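Coordinates from work.tsv are shown below (TSV, C-alpha atoms).
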```tsv
chain	number	residue	atom	x	y	z
J	25	MET	CA	50.84	-211.75	-4.11
J	26	SER	CA	52.10	-213.53	-1.03
J	27	GLU	CA	49.46	-215.46	0.93
J	28	GLN	CA	49.63	-216.26	4.64
J	29	PRO	CA	49.08	-220.01	5.22
J	30	VAL	CA	46.83	-220.90	8.15
J	31	VAL	CA	46.15	-224.30	9.72
J	32	VAL	CA	42.36	-224.40	10.21
J	33	ALA	CA	41.88	-228.07	11.10
J	34	ALA	CA	44.08	-230.76	12.63
J	35	ARG	CA	43.39	-234.40	13.45
J	36	ARG	CA	45.24	-237.61	14.21
J	37	THR	CA	44.63	-241.28	14.79
J	38	PRO	CA	45.23	-242.88	18.14
J	39	ILE	CA	48.85	-244.03	18.23
J	40	GLY	CA	49.50	-247.73	18.56
J	41	THR	CA	52.64	-249.63	19.46
J	42	ALA	CA	54.04	-251.53	16.49
J	43	GLY	CA	52.77	-255.10	16.34
J	44	HIS	CA	49.80	-254.39	18.58
J	45	ALA	CA	46.71	-252.19	18.12
J	46	PHE	CA	47.13	-251.48	14.40
J	47	ARG	CA	49.29	-254.42	13.43
J	48	SER	CA	47.19	-255.21	10.34
J	49	LEU	CA	46.52	-251.63	9.16
J	50	THR	CA	48.67	-250.37	6.30
J	51	ALA	CA	49.80	-246.74	6.22
J	52	ASP	CA	47.11	-245.67	3.74
J	53	ARG	CA	44.41	-247.22	5.95
J	54	LEU	CA	45.71	-245.11	8.85
J	55	ALA	CA	45.99	-241.95	6.77
J	56	ALA	CA	42.70	-242.09	4.86
J	57	PRO	CA	40.29	-241.62	7.81
J	58	VAL	CA	42.33	-238.67	9.09
J	59	ILE	CA	42.42	-237.01	5.66
J	60	ALA	CA	38.68	-237.50	5.31
J	61	ALA	CA	38.04	-236.05	8.77
J	62	VAL	CA	40.16	-232.96	8.09
J	63	ALA	CA	38.42	-232.43	4.76
J	64	ALA	CA	35.06	-232.62	6.54
J	65	ASP	CA	36.25	-230.15	9.18
J	66	VAL	CA	36.74	-227.49	6.48
J	67	GLY	CA	33.38	-228.15	4.84
J	68	HIS	CA	34.43	-230.42	2.01
J	69	ARG	CA	35.89	-227.56	-0.02
J	70	PRO	CA	37.86	-228.62	-3.10
J	71	VAL	CA	41.28	-229.94	-2.03
J	72	ASP	CA	44.16	-228.90	-4.29
J	73	ASP	CA	46.69	-231.42	-3.01
J	74	VAL	CA	47.61	-233.78	-0.18
J	75	VAL	CA	51.20	-233.87	1.08
J	76	LEU	CA	52.08	-236.79	3.34
J	77	GLY	CA	55.31	-237.65	5.12
J	78	ASN	CA	56.37	-241.28	5.31
J	79	CYS	CA	59.62	-243.12	6.03
J	80	MET	CA	59.30	-246.86	5.62
J	81	GLY	CA	57.16	-247.48	2.59
J	82	PRO	CA	55.55	-249.27	0.92
J	83	GLY	CA	56.19	-246.67	-1.78
J	84	GLY	CA	53.84	-246.14	-4.69
J	85	ASN	CA	53.15	-242.53	-3.62
J	86	LEU	CA	51.38	-243.18	-0.33
J	87	ALA	CA	49.73	-239.76	-0.44
J	88	ARG	CA	47.93	-240.51	-3.70
J	89	VAL	CA	46.82	-243.94	-2.47
J	90	SER	CA	45.49	-242.33	0.71
J	91	VAL	CA	43.67	-239.61	-1.26
J	92	LEU	CA	41.77	-242.25	-3.20
J	93	ALA	CA	41.10	-244.30	-0.08
J	94	ALA	CA	39.76	-241.17	1.65
J	95	GLY	CA	37.28	-240.59	-1.16
J	96	LEU	CA	38.57	-237.14	-2.09
J	97	GLY	CA	38.15	-237.87	-5.79
J	98	HIS	CA	40.33	-238.70	-8.76
J	99	ASP	CA	41.33	-235.09	-9.39
J	100	VAL	CA	43.25	-234.65	-6.11
J	101	PRO	CA	46.89	-235.64	-6.77
J	102	GLY	CA	49.07	-236.25	-3.69
J	103	VAL	CA	52.80	-236.21	-3.05
J	104	THR	CA	54.86	-238.13	-0.50
J	105	VAL	CA	57.73	-236.51	1.43
J	106	ASP	CA	60.62	-238.30	3.14
J	107	ARG	CA	62.58	-236.34	5.73
J	108	GLN	CA	62.57	-239.36	8.02
J	109	CYS	CA	61.41	-238.44	11.56
J	110	GLY	CA	60.72	-234.87	10.43
J	111	SER	CA	58.58	-235.92	7.47
J	112	GLY	CA	55.17	-234.94	8.86
J	113	LEU	CA	56.34	-231.45	9.81
J	114	ALA	CA	58.28	-231.06	6.56
J	115	ALA	CA	55.11	-231.96	4.64
J	116	ILE	CA	53.28	-229.13	6.40
J	117	LEU	CA	56.06	-226.71	5.44
J	118	VAL	CA	55.81	-227.86	1.80
J	119	ALA	CA	52.06	-227.26	1.86
J	120	GLY	CA	52.59	-223.86	3.43
J	121	GLN	CA	54.98	-222.91	0.65
J	122	ALA	CA	52.37	-223.79	-1.98
J	123	ILE	CA	49.78	-221.64	-0.18
J	124	ARG	CA	52.22	-218.75	0.30
J	125	ALA	CA	53.13	-218.80	-3.38
J	126	GLY	CA	49.47	-218.50	-4.34
J	127	ASP	CA	49.51	-221.80	-6.24
J	128	MET	CA	46.94	-223.58	-4.05
J	129	GLU	CA	44.00	-222.67	-1.81
J	130	LEU	CA	43.49	-225.79	0.30
J	131	VAL	CA	46.18	-228.35	1.01
J	132	ILE	CA	45.92	-231.23	3.46
J	133	ALA	CA	49.32	-232.14	4.86
J	134	GLY	CA	50.69	-234.50	7.47
J	135	GLY	CA	52.15	-237.96	7.69
J	136	ALA	CA	51.53	-241.64	8.24
J	137	GLU	CA	53.59	-244.60	9.37
J	138	SER	CA	52.81	-248.27	9.76
J	139	ALA	CA	55.92	-249.82	11.23
J	140	SER	CA	53.83	-252.96	11.71
J	141	THR	CA	53.28	-253.49	7.98
J	142	ALA	CA	56.32	-251.77	6.47
J	143	PRO	CA	57.99	-254.07	3.94
J	144	LEU	CA	61.35	-255.68	4.56
J	145	ARG	CA	63.92	-254.68	1.96
J	146	THR	CA	66.80	-256.71	0.61
J	147	MET	CA	69.70	-255.59	-1.56
J	148	ARG	CA	69.85	-257.49	-4.80
J	149	GLY	CA	71.87	-260.65	-4.22
J	150	ALA	CA	71.85	-260.32	-0.41
J	151	ALA	CA	70.57	-263.18	1.74
J	152	GLU	CA	69.00	-261.03	4.47
J	153	PRO	CA	66.95	-257.80	4.59
J	154	TYR	CA	68.82	-254.70	5.65
J	155	PRO	CA	67.64	-253.05	8.89
J	156	ARG	CA	67.43	-249.52	7.49
J	157	ALA	CA	68.62	-247.41	4.60
J	158	PRO	CA	71.78	-245.37	5.22
J	159	PHE	CA	71.33	-241.88	6.60
J	160	ALA	CA	74.76	-240.83	5.31
J	161	PRO	CA	77.26	-242.10	2.72
J	162	ASP	CA	80.45	-244.02	3.42
J	163	GLY	CA	83.03	-241.86	5.13
J	164	HIS	CA	80.44	-240.00	7.24
J	165	PRO	CA	79.06	-240.93	10.66
J	166	ASP	CA	75.85	-242.94	10.34
J	167	PRO	CA	74.77	-243.99	13.84
J	168	ASP	CA	71.47	-245.59	14.70
J	169	MET	CA	69.29	-243.16	16.59
J	170	GLY	CA	69.65	-244.89	19.97
J	171	PRO	CA	73.46	-244.74	20.11
J	172	ALA	CA	73.25	-241.21	18.69
J	173	ALA	CA	70.99	-240.16	21.55
J	174	GLU	CA	73.49	-241.70	23.96
J	175	ALA	CA	76.31	-239.71	22.36
J	176	LEU	CA	74.28	-236.50	22.57
J	177	ALA	CA	73.49	-237.10	26.24
J	178	ALA	CA	77.20	-237.54	26.93
J	179	ALA	CA	78.17	-234.50	24.89
J	180	ARG	CA	75.62	-232.23	26.59
J	181	GLY	CA	75.82	-233.69	30.10
J	182	VAL	CA	72.22	-234.96	30.27
J	183	THR	CA	72.07	-237.40	33.19
J	184	ARG	CA	70.13	-240.64	33.47
J	185	GLU	CA	68.12	-239.19	36.35
J	186	ARG	CA	66.93	-236.23	34.26
J	187	GLN	CA	66.02	-238.49	31.35
J	188	ASP	CA	63.97	-240.80	33.56
J	189	ALA	CA	62.25	-237.85	35.23
J	190	TYR	CA	61.32	-236.38	31.86
J	191	ALA	CA	59.94	-239.73	30.65
J	192	HIS	CA	57.93	-240.06	33.87
J	193	ARG	CA	56.52	-236.57	33.27
J	194	SER	CA	55.55	-237.38	29.69
J	195	HIS	CA	53.51	-240.43	30.69
J	196	ALA	CA	51.87	-238.67	33.63
J	197	LEU	CA	50.84	-235.70	31.51
J	198	ALA	CA	49.50	-237.91	28.71
J	199	LEU	CA	47.42	-239.94	31.15
J	200	ALA	CA	45.88	-236.75	32.53
J	201	ALA	CA	45.16	-235.20	29.11
J	202	ASP	CA	41.97	-235.37	27.07
J	203	PHE	CA	42.81	-235.90	23.39
J	204	GLY	CA	39.24	-236.64	22.31
J	205	GLU	CA	38.71	-233.63	20.03
J	206	GLU	CA	41.80	-234.31	17.94
J	207	ILE	CA	41.48	-238.08	17.58
J	208	VAL	CA	39.79	-239.86	14.67
J	209	PRO	CA	38.86	-243.40	15.78
J	210	VAL	CA	40.57	-246.07	13.67
J	211	GLY	CA	40.54	-249.85	13.86
J	212	GLY	CA	38.07	-249.85	16.72
J	213	ARG	CA	40.29	-247.64	18.89
J	214	SER	CA	39.64	-244.08	20.04
J	215	ALA	CA	42.52	-243.69	22.52
J	216	ASP	CA	46.28	-243.99	22.43
J	217	GLU	CA	47.57	-247.43	23.35
J	218	ARG	CA	50.80	-246.74	25.21
J	219	PRO	CA	50.60	-244.13	28.04
J	220	ARG	CA	50.83	-245.79	31.42
J	221	ALA	CA	51.33	-245.01	35.08
J	222	LEU	CA	55.06	-245.30	35.70
J	223	ARG	CA	57.04	-244.97	38.91
J	224	MET	CA	60.49	-243.47	38.98
J	225	ALA	CA	61.71	-246.62	40.75
J	226	THR	CA	60.50	-248.68	37.80
J	227	LEU	CA	62.27	-246.44	35.29
J	228	ALA	CA	65.47	-246.64	37.34
J	229	ARG	CA	65.54	-250.42	36.92
J	230	PHE	CA	65.69	-250.34	33.11
J	231	PRO	CA	69.14	-251.32	31.81
J	232	ALA	CA	70.99	-249.25	29.22
J	233	ALA	CA	69.47	-250.05	25.83
J	234	PHE	CA	72.19	-249.12	23.36
J	235	VAL	CA	75.58	-248.59	25.02
J	236	PRO	CA	76.86	-250.65	27.98
J	237	GLY	CA	76.69	-248.51	31.07
J	238	GLY	CA	74.84	-245.79	29.18
J	239	THR	CA	71.95	-243.57	30.21
J	240	VAL	CA	69.44	-244.14	27.38
J	241	THR	CA	66.99	-246.96	28.16
J	242	ALA	CA	63.77	-248.38	26.80
J	243	GLY	CA	62.02	-246.42	29.55
J	244	ASN	CA	63.27	-243.00	28.43
J	245	SER	CA	63.06	-243.72	24.68
J	246	SER	CA	60.00	-243.62	22.44
J	247	PRO	CA	58.58	-246.88	21.09
J	248	ILE	CA	58.26	-247.87	17.44
J	249	SER	CA	54.68	-247.01	16.56
J	250	ASP	CA	51.85	-246.80	14.04
J	251	GLY	CA	49.71	-243.75	13.39
J	252	ALA	CA	48.77	-240.82	11.16
J	253	ALA	CA	48.03	-237.11	11.48
J	254	ALA	CA	46.99	-234.36	9.09
J	255	VAL	CA	46.16	-230.66	9.01
J	256	ALA	CA	44.37	-228.40	6.53
J	257	LEU	CA	46.07	-225.23	5.34
J	258	VAL	CA	44.35	-222.34	3.53
J	259	PRO	CA	45.30	-218.75	2.75
J	260	ASP	CA	44.34	-216.38	5.57
J	261	ARG	CA	41.79	-214.65	3.33
J	262	PHE	CA	39.95	-217.95	2.78
J	263	ARG	CA	39.58	-219.09	6.37
J	264	ASP	CA	36.17	-217.37	6.65
J	265	GLY	CA	36.49	-216.54	10.32
J	266	LEU	CA	37.71	-219.98	11.35
J	267	PRO	CA	40.29	-219.73	14.15
J	268	GLY	CA	43.62	-221.25	13.30
J	269	LEU	CA	47.40	-221.25	13.44
J	270	ARG	CA	49.16	-218.99	10.98
J	271	LEU	CA	52.40	-220.55	9.76
J	272	VAL	CA	54.77	-217.67	10.47
J	273	ALA	CA	58.04	-219.33	9.39
J	274	GLY	CA	59.69	-222.69	9.02
J	275	ALA	CA	63.18	-224.06	8.58
J	276	VAL	CA	64.90	-227.29	7.65
J	277	VAL	CA	68.61	-227.40	8.47
J	278	GLY	CA	71.49	-229.85	8.52
J	279	CYS	CA	73.77	-230.67	11.44
J	280	ASP	CA	76.52	-233.16	12.31
J	281	PRO	CA	75.19	-236.62	11.32
J	282	ALA	CA	76.99	-238.05	14.36
J	283	LEU	CA	74.62	-236.06	16.61
J	284	PRO	CA	71.30	-235.95	14.75
J	285	GLY	CA	69.36	-235.18	17.91
J	286	TRP	CA	70.93	-231.72	17.90
J	287	GLY	CA	69.00	-230.75	14.74
J	288	PRO	CA	66.12	-228.88	16.44
J	289	VAL	CA	68.55	-226.40	17.98
J	290	PRO	CA	69.85	-224.79	14.75
J	291	ALA	CA	66.40	-225.17	13.13
J	292	VAL	CA	64.65	-223.31	15.95
J	293	ARG	CA	67.40	-220.70	16.10
J	294	ARG	CA	67.00	-220.04	12.38
J	295	VAL	CA	63.23	-219.62	12.69
J	296	LEU	CA	63.55	-217.32	15.68
J	297	GLY	CA	66.32	-215.33	14.01
J	298	ARG	CA	64.24	-214.78	10.89
J	299	THR	CA	61.18	-213.63	12.82
J	300	GLY	CA	62.78	-211.69	15.67
J	301	VAL	CA	60.93	-213.84	18.22
J	302	THR	CA	62.53	-215.03	21.46
J	303	MET	CA	61.88	-218.30	23.27
J	304	GLU	CA	60.33	-216.31	26.12
J	305	GLN	CA	57.61	-215.14	23.74
J	306	VAL	CA	56.63	-218.71	22.74
J	307	ALA	CA	53.72	-219.96	24.82
J	308	ALA	CA	53.68	-223.59	23.67
J	309	VAL	CA	56.44	-225.86	22.37
J	310	GLU	CA	55.90	-229.30	20.85
J	311	ILE	CA	59.07	-231.23	20.07
J	312	VAL	CA	59.13	-234.83	18.90
J	313	GLU	CA	60.11	-236.78	22.01
J	314	ALA	CA	62.15	-239.46	20.29
J	315	PHE	CA	64.45	-239.72	23.33
J	316	ALA	CA	64.36	-237.83	26.62
J	317	ALA	CA	68.10	-237.21	26.15
J	318	GLN	CA	67.50	-235.46	22.84
J	319	VAL	CA	64.63	-233.31	24.14
J	320	LEU	CA	66.59	-232.20	27.19
J	321	ALA	CA	69.76	-231.45	25.22
J	322	ALA	CA	67.77	-229.30	22.80
J	323	THR	CA	65.64	-227.49	25.36
J	324	ASP	CA	68.69	-226.82	27.55
J	325	ALA	CA	70.49	-225.21	24.61
J	326	LEU	CA	67.44	-223.19	23.61
J	327	GLU	CA	66.75	-222.18	27.23
J	328	ALA	CA	63.16	-223.32	26.82
J	329	ASP	CA	60.82	-223.33	29.82
J	330	LEU	CA	59.99	-227.03	30.25
J	331	ASP	CA	56.54	-226.15	31.60
J	332	ARG	CA	55.69	-225.00	28.06
J	333	VAL	CA	57.19	-228.09	26.37
J	334	CYS	CA	54.85	-231.00	25.47
J	335	ALA	CA	52.44	-229.98	28.23
J	336	ASP	CA	50.20	-232.99	27.56
J	337	GLY	CA	53.03	-235.47	27.11
J	338	GLY	CA	54.69	-236.44	23.86
J	339	ALA	CA	56.12	-239.31	21.87
J	340	LEU	CA	57.76	-240.91	24.91
J	341	ALA	CA	54.27	-241.65	26.20
J	342	LEU	CA	52.13	-241.64	23.05
J	343	GLY	CA	54.56	-243.32	20.66
J	344	HIS	CA	56.61	-242.24	17.66
J	345	PRO	CA	55.18	-243.19	14.25
J	346	TRP	CA	58.16	-241.80	12.35
J	347	GLY	CA	56.62	-240.26	9.26
J	348	ALA	CA	53.60	-238.96	11.17
J	349	THR	CA	55.04	-237.54	14.39
J	350	GLY	CA	56.00	-234.17	12.94
J	351	ALA	CA	52.33	-233.67	12.08
J	352	VAL	CA	51.22	-235.03	15.45
J	353	VAL	CA	53.11	-232.20	17.18
J	354	VAL	CA	51.34	-229.60	15.02
J	355	THR	CA	48.01	-231.25	15.85
J	356	ARG	CA	48.96	-231.01	19.51
J	357	LEU	CA	49.76	-227.30	19.10
J	358	PHE	CA	46.38	-226.81	17.44
J	359	SER	CA	44.64	-228.40	20.42
J	360	ARG	CA	46.74	-226.60	23.02
J	361	LEU	CA	46.22	-223.19	21.43
J	362	VAL	CA	43.25	-223.04	19.03
J	363	ARG	CA	40.93	-225.62	20.60
J	364	ALA	CA	41.80	-224.25	24.05
J	365	GLY	CA	40.88	-220.69	22.99
J	366	ALA	CA	44.29	-219.04	23.33
J	367	PRO	CA	44.23	-215.31	22.49
J	368	GLN	CA	45.11	-214.13	19.00
J	369	GLY	CA	48.84	-213.55	18.68
J	370	THR	CA	49.80	-216.46	20.96
J	371	LEU	CA	52.87	-218.23	19.55
J	372	GLY	CA	53.58	-221.94	19.29
J	373	LEU	CA	56.65	-223.81	18.10
J	374	ALA	CA	56.98	-227.29	16.60
J	375	ALA	CA	60.30	-229.09	16.06
J	376	ALA	CA	61.79	-232.48	15.24
J	377	ALA	CA	65.22	-234.09	15.02
J	378	VAL	CA	65.99	-236.26	12.00
J	379	GLY	CA	68.32	-239.19	11.39
J	380	GLY	CA	71.31	-238.27	9.25
J	381	GLY	CA	71.66	-234.89	10.92
J	382	LEU	CA	68.67	-232.67	10.15
J	383	GLY	CA	66.37	-230.45	12.15
J	384	VAL	CA	62.90	-229.18	11.24
J	385	ALA	CA	61.08	-226.36	13.02
J	386	ALA	CA	58.03	-224.17	12.47
J	387	LEU	CA	56.62	-221.14	14.27
J	388	PHE	CA	52.84	-220.63	14.42
J	389	GLU	CA	50.62	-217.79	15.64
J	390	VAL	CA	46.99	-217.99	16.76
J	391	VAL	CA	44.67	-216.02	14.45
```
Step by step, read the file and then write its structure as structure tokens.
Amino acid sequence: MSEQPVVVAARRTPIGTAGHAFRSLTADRLAAPVIAAVAADVGHRPVDDVVLGNCMGPGGNLARVSVLAAGLGHDVPGVTVDRQCGSGLAAILVAGQAIRAGDMELVIAGGAESASTAPLRTMRGAAEPYPRAPFAPDGHPDPDMGPAAEALAAARGVTRERQDAYAHRSHALALAADFGEEIVPVGGRSADERPRALRMATLARFPAAFVPGGTVTAGNSSPISDGAAAVALVPDRFRDGLPGLRLVAGAVVGCDPALPGWGPVPAVRRVLGRTGVTMEQVAAVEIVEAFAAQVLAATDALEADLDRVCADGGALALGHPWGATGAVVVTRLFSRLVRAGAPQGTLGLAAAAVGGGLGVAALFEVV
């Protein structure tokens, strides 16, 4: 019998800029308090599994380490998922599949990233650590994400002025928002570190960050960050009247690795095509704001109403802890829709672009 997975709790840490607020906290120490908080939110029912996204290590099955650190007990296993910047959202889709199949009745899923403490890695025999693992094999494009965002902006005609305006909007919205109900205090902090009052004139002075004469700058790009987020999923019949977000459909797709920021477009189109839903019917959209150029290219192509996109700001203002951010956007949807009391049937969409040419998307409905 098919079960309908429902997100009934969602929490996150504050997000810190790498090397600053959480510079000494490892990924498991970020994840464990959030997992424990989500478990408490659902009444400490038995947890069948914990699925965590993570990109940069340290390995050793971070999910299992975090389960033990959270005090969930020796019998809760844990599995770690790596879809790079889409890992947190992909972990939620994996958990949803387990619920839908009837194999599990409560799964905590999300992601964690500590860029501050991630280990440096060196190829055997090499003198220096390598900056990152390859996203694609030899013979395929394998750009860093900054130059790739620049290429996407050029390909889709996204101007510097629009990118700066979108970044300005993200910070302004984040400063005005109240994230208190979704945040689990960690390391003595109960608020995000990065959002700040920015002026357009200040953003205009930033030089191109990746390509000489380009449009992508440090001001309209997300920072490297630390943080964690997690949600609890149960079958609809087990939510016992708790309001939540039903996971209607999800998709993970591939795209040209030269333009990885394009990934949300085919992923969202696949989800909408499978469900018969149009963008006009979606009340709230949360997309990982890795770069303003990438968000604008995707939302232009999808004809998304920007007033519905990241209405409390996003990763440009809050930060982008890679393995966690896909779960942060679902937590944001939960706050925007469930905590805010949106009517049953209201639709929300989460999406992320992924290095190497992937897109992840999920459609949710308030129940």
Exercise. For the point (72.4, -242.8, 12.2) in file coordinates, what residues are within 7 Å, counting all atoms listed in the file? Give the answer as a ChimeraX atom specification?
Worked result: /J:159,166-169,172,281-282,379-380
What are the closest atom pairs, with distances in Å to one decimal, for each residue of region 236-286 of chain J lying within 10 Å of region 348-352 of chain J, using all atoms listed in the file, rows by chain and rising residue number, as a tab-separated table?
```
residue	atom	partner	partner_atom	distance
J:Ser249	CA	J:Thr349	CA	9.7
J:Asp250	CA	J:Ala348	CA	8.5
J:Gly251	CA	J:Ala348	CA	6.6
J:Ala252	CA	J:Ala348	CA	5.2
J:Ala253	CA	J:Val352	CA	5.5
J:Ala254	CA	J:Ala351	CA	6.2
J:Val255	CA	J:Ala351	CA	7.5
```
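Nearest residue to Thr239 (chain J) among J:Ala307, J:Leu199, J:Leu266, J:Leu176 is J:Leu176, counting only C-alpha atoms.
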Problem set entry | All residues 7 Å or closer to region 120-127 of chain J, all atoms listed in the file, same chain fewer than 2 positions away omitted, as a list of chain:residue names |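 Residues near the query, excluding close chain neighbours: J:Met25, J:Ser26, J:Glu27, J:Gln28, J:Pro29, J:Ile116, J:Leu117, J:Val118, J:Glu129, J:Leu257, J:Val258, J:Pro259.
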For the residues in that selection, give me C-alpha atoms as an mmCIF file, in the coordinates of the input.
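Contents of the output file out_8.cif:
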```
data_model
loop_
_atom_site.group_PDB
_atom_site.id
_atom_site.type_symbol
_atom_site.label_atom_id
_atom_site.label_comp_id
_atom_site.auth_asym_id
_atom_site.auth_seq_id
_atom_site.Cartn_x
_atom_site.Cartn_y
_atom_site.Cartn_z
ATOM 1 C CA MET J 25 50.840 -211.750 -4.110
ATOM 2 C CA SER J 26 52.100 -213.530 -1.030
ATOM 3 C CA GLU J 27 49.460 -215.460 0.930
ATOM 4 C CA GLN J 28 49.630 -216.260 4.640
ATOM 5 C CA PRO J 29 49.080 -220.010 5.220
ATOM 6 C CA ILE J 116 53.280 -229.130 6.400
ATOM 7 C CA LEU J 117 56.060 -226.710 5.440
ATOM 8 C CA VAL J 118 55.810 -227.860 1.800
ATOM 9 C CA GLU J 129 44.000 -222.670 -1.810
ATOM 10 C CA LEU J 257 46.070 -225.230 5.340
ATOM 11 C CA VAL J 258 44.350 -222.340 3.530
ATOM 12 C CA PRO J 259 45.300 -218.750 2.750
#
```
Contacts of Ala61 (chain J) at 9 Å or less, counting all atoms listed in the file, minus same-chain residues fewer than 6 places along, as an mmCIF file with C-alpha atoms, in the frame of the given file?
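This went into part.cif:
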```
data_model
loop_
_atom_site.group_PDB
_atom_site.id
_atom_site.type_symbol
_atom_site.label_atom_id
_atom_site.label_comp_id
_atom_site.auth_asym_id
_atom_site.auth_seq_id
_atom_site.Cartn_x
_atom_site.Cartn_y
_atom_site.Cartn_z
ATOM 1 C CA ALA J 34 44.080 -230.760 12.630
ATOM 2 C CA ARG J 35 43.390 -234.400 13.450
ATOM 3 C CA ALA J 94 39.760 -241.170 1.650
ATOM 4 C CA VAL J 208 39.790 -239.860 14.670
#
```
Problem set entry | Separation of CA of Thr146 (chain J) from CA of Gly77 (chain J), in Å and rounded to one decimal |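 One can read the CA of Thr146 (chain J) to CA of Gly77 (chain J) distance as 22.7 Å.
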Problem set entry | Atomic distance CA of Pro284 (chain J) - CA of Met80 (chain J), expressed in Å with one decimal |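 Computed distance, CA of Pro284 (chain J) to CA of Met80 (chain J), equals 18.6 Å.
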Exercise. Between CA of Phe388 (chain J) and CA of Gln368 (chain J), what is the spacing in Å?
Worked result: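 Those two atoms sit 11.1 Å apart.
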First collect every listed atom of region 307-310 of chain J; then fit an axis-aligned box around them, widen it by 6 Å on each side, and give centre and edge lengths in Å to one decimal, as AutoDock Vina command-line options.
```
--center_x 55.1 --center_y -224.6 --center_z 22.8 --size_x 14.8 --size_y 21.3 --size_z 16.0
```
For this session: Counting all atoms listed in the file, figure out which residue out of J:Cys279, J:Ala322, J:Val240, J:Gly274 gets nearest to Leu387 (chain J).
Result: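 Comparing J:Cys279, J:Ala322, J:Val240, J:Gly274 against Leu387 (chain J), the winner is J:Gly274.
Using all atoms listed in the file, the residues found no farther than 9 Å from His68 (chain J), other than those of its own chain fewer than 6 positions away, are Ala60, Val62 and Leu96 of chain J.
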Problem set entry | Distance query region 223-237 of chain J at most 9 Å, only C-alpha atoms, self and fewer than 6 positions along chain excluded, as a count of residues only | 11
Exercise. What residues have an atom no more than 10 Å from (64.6, -220.0, 10.2) in the file's own frame, counting all atoms listed in the file, and can you write them as a PyMOL selection string?
Worked result: chain J and resi 273-277+290-299+384-387
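Excluding Tyr190 (chain J) itself and any same-chain residue fewer than 3 positions from it, the protein and nucleic acid residues within 8 Å of it, counting all atoms listed in the file, are J:Arg186, J:Gln187, J:Arg193, J:Ser194, J:Asn244, J:Ala316.
Counting only C-alpha atoms and comparing J:Arg156, J:His344, J:Arg360, J:Arg270, the residue that lies closest to Pro247 (chain J) is J:His344.
Proximity of J:Glu389, J:Asp324, J:Asp99, J:Asp329 to Ala177 (chain J), computed with all atoms listed in the file, is greatest for J:Asp324.
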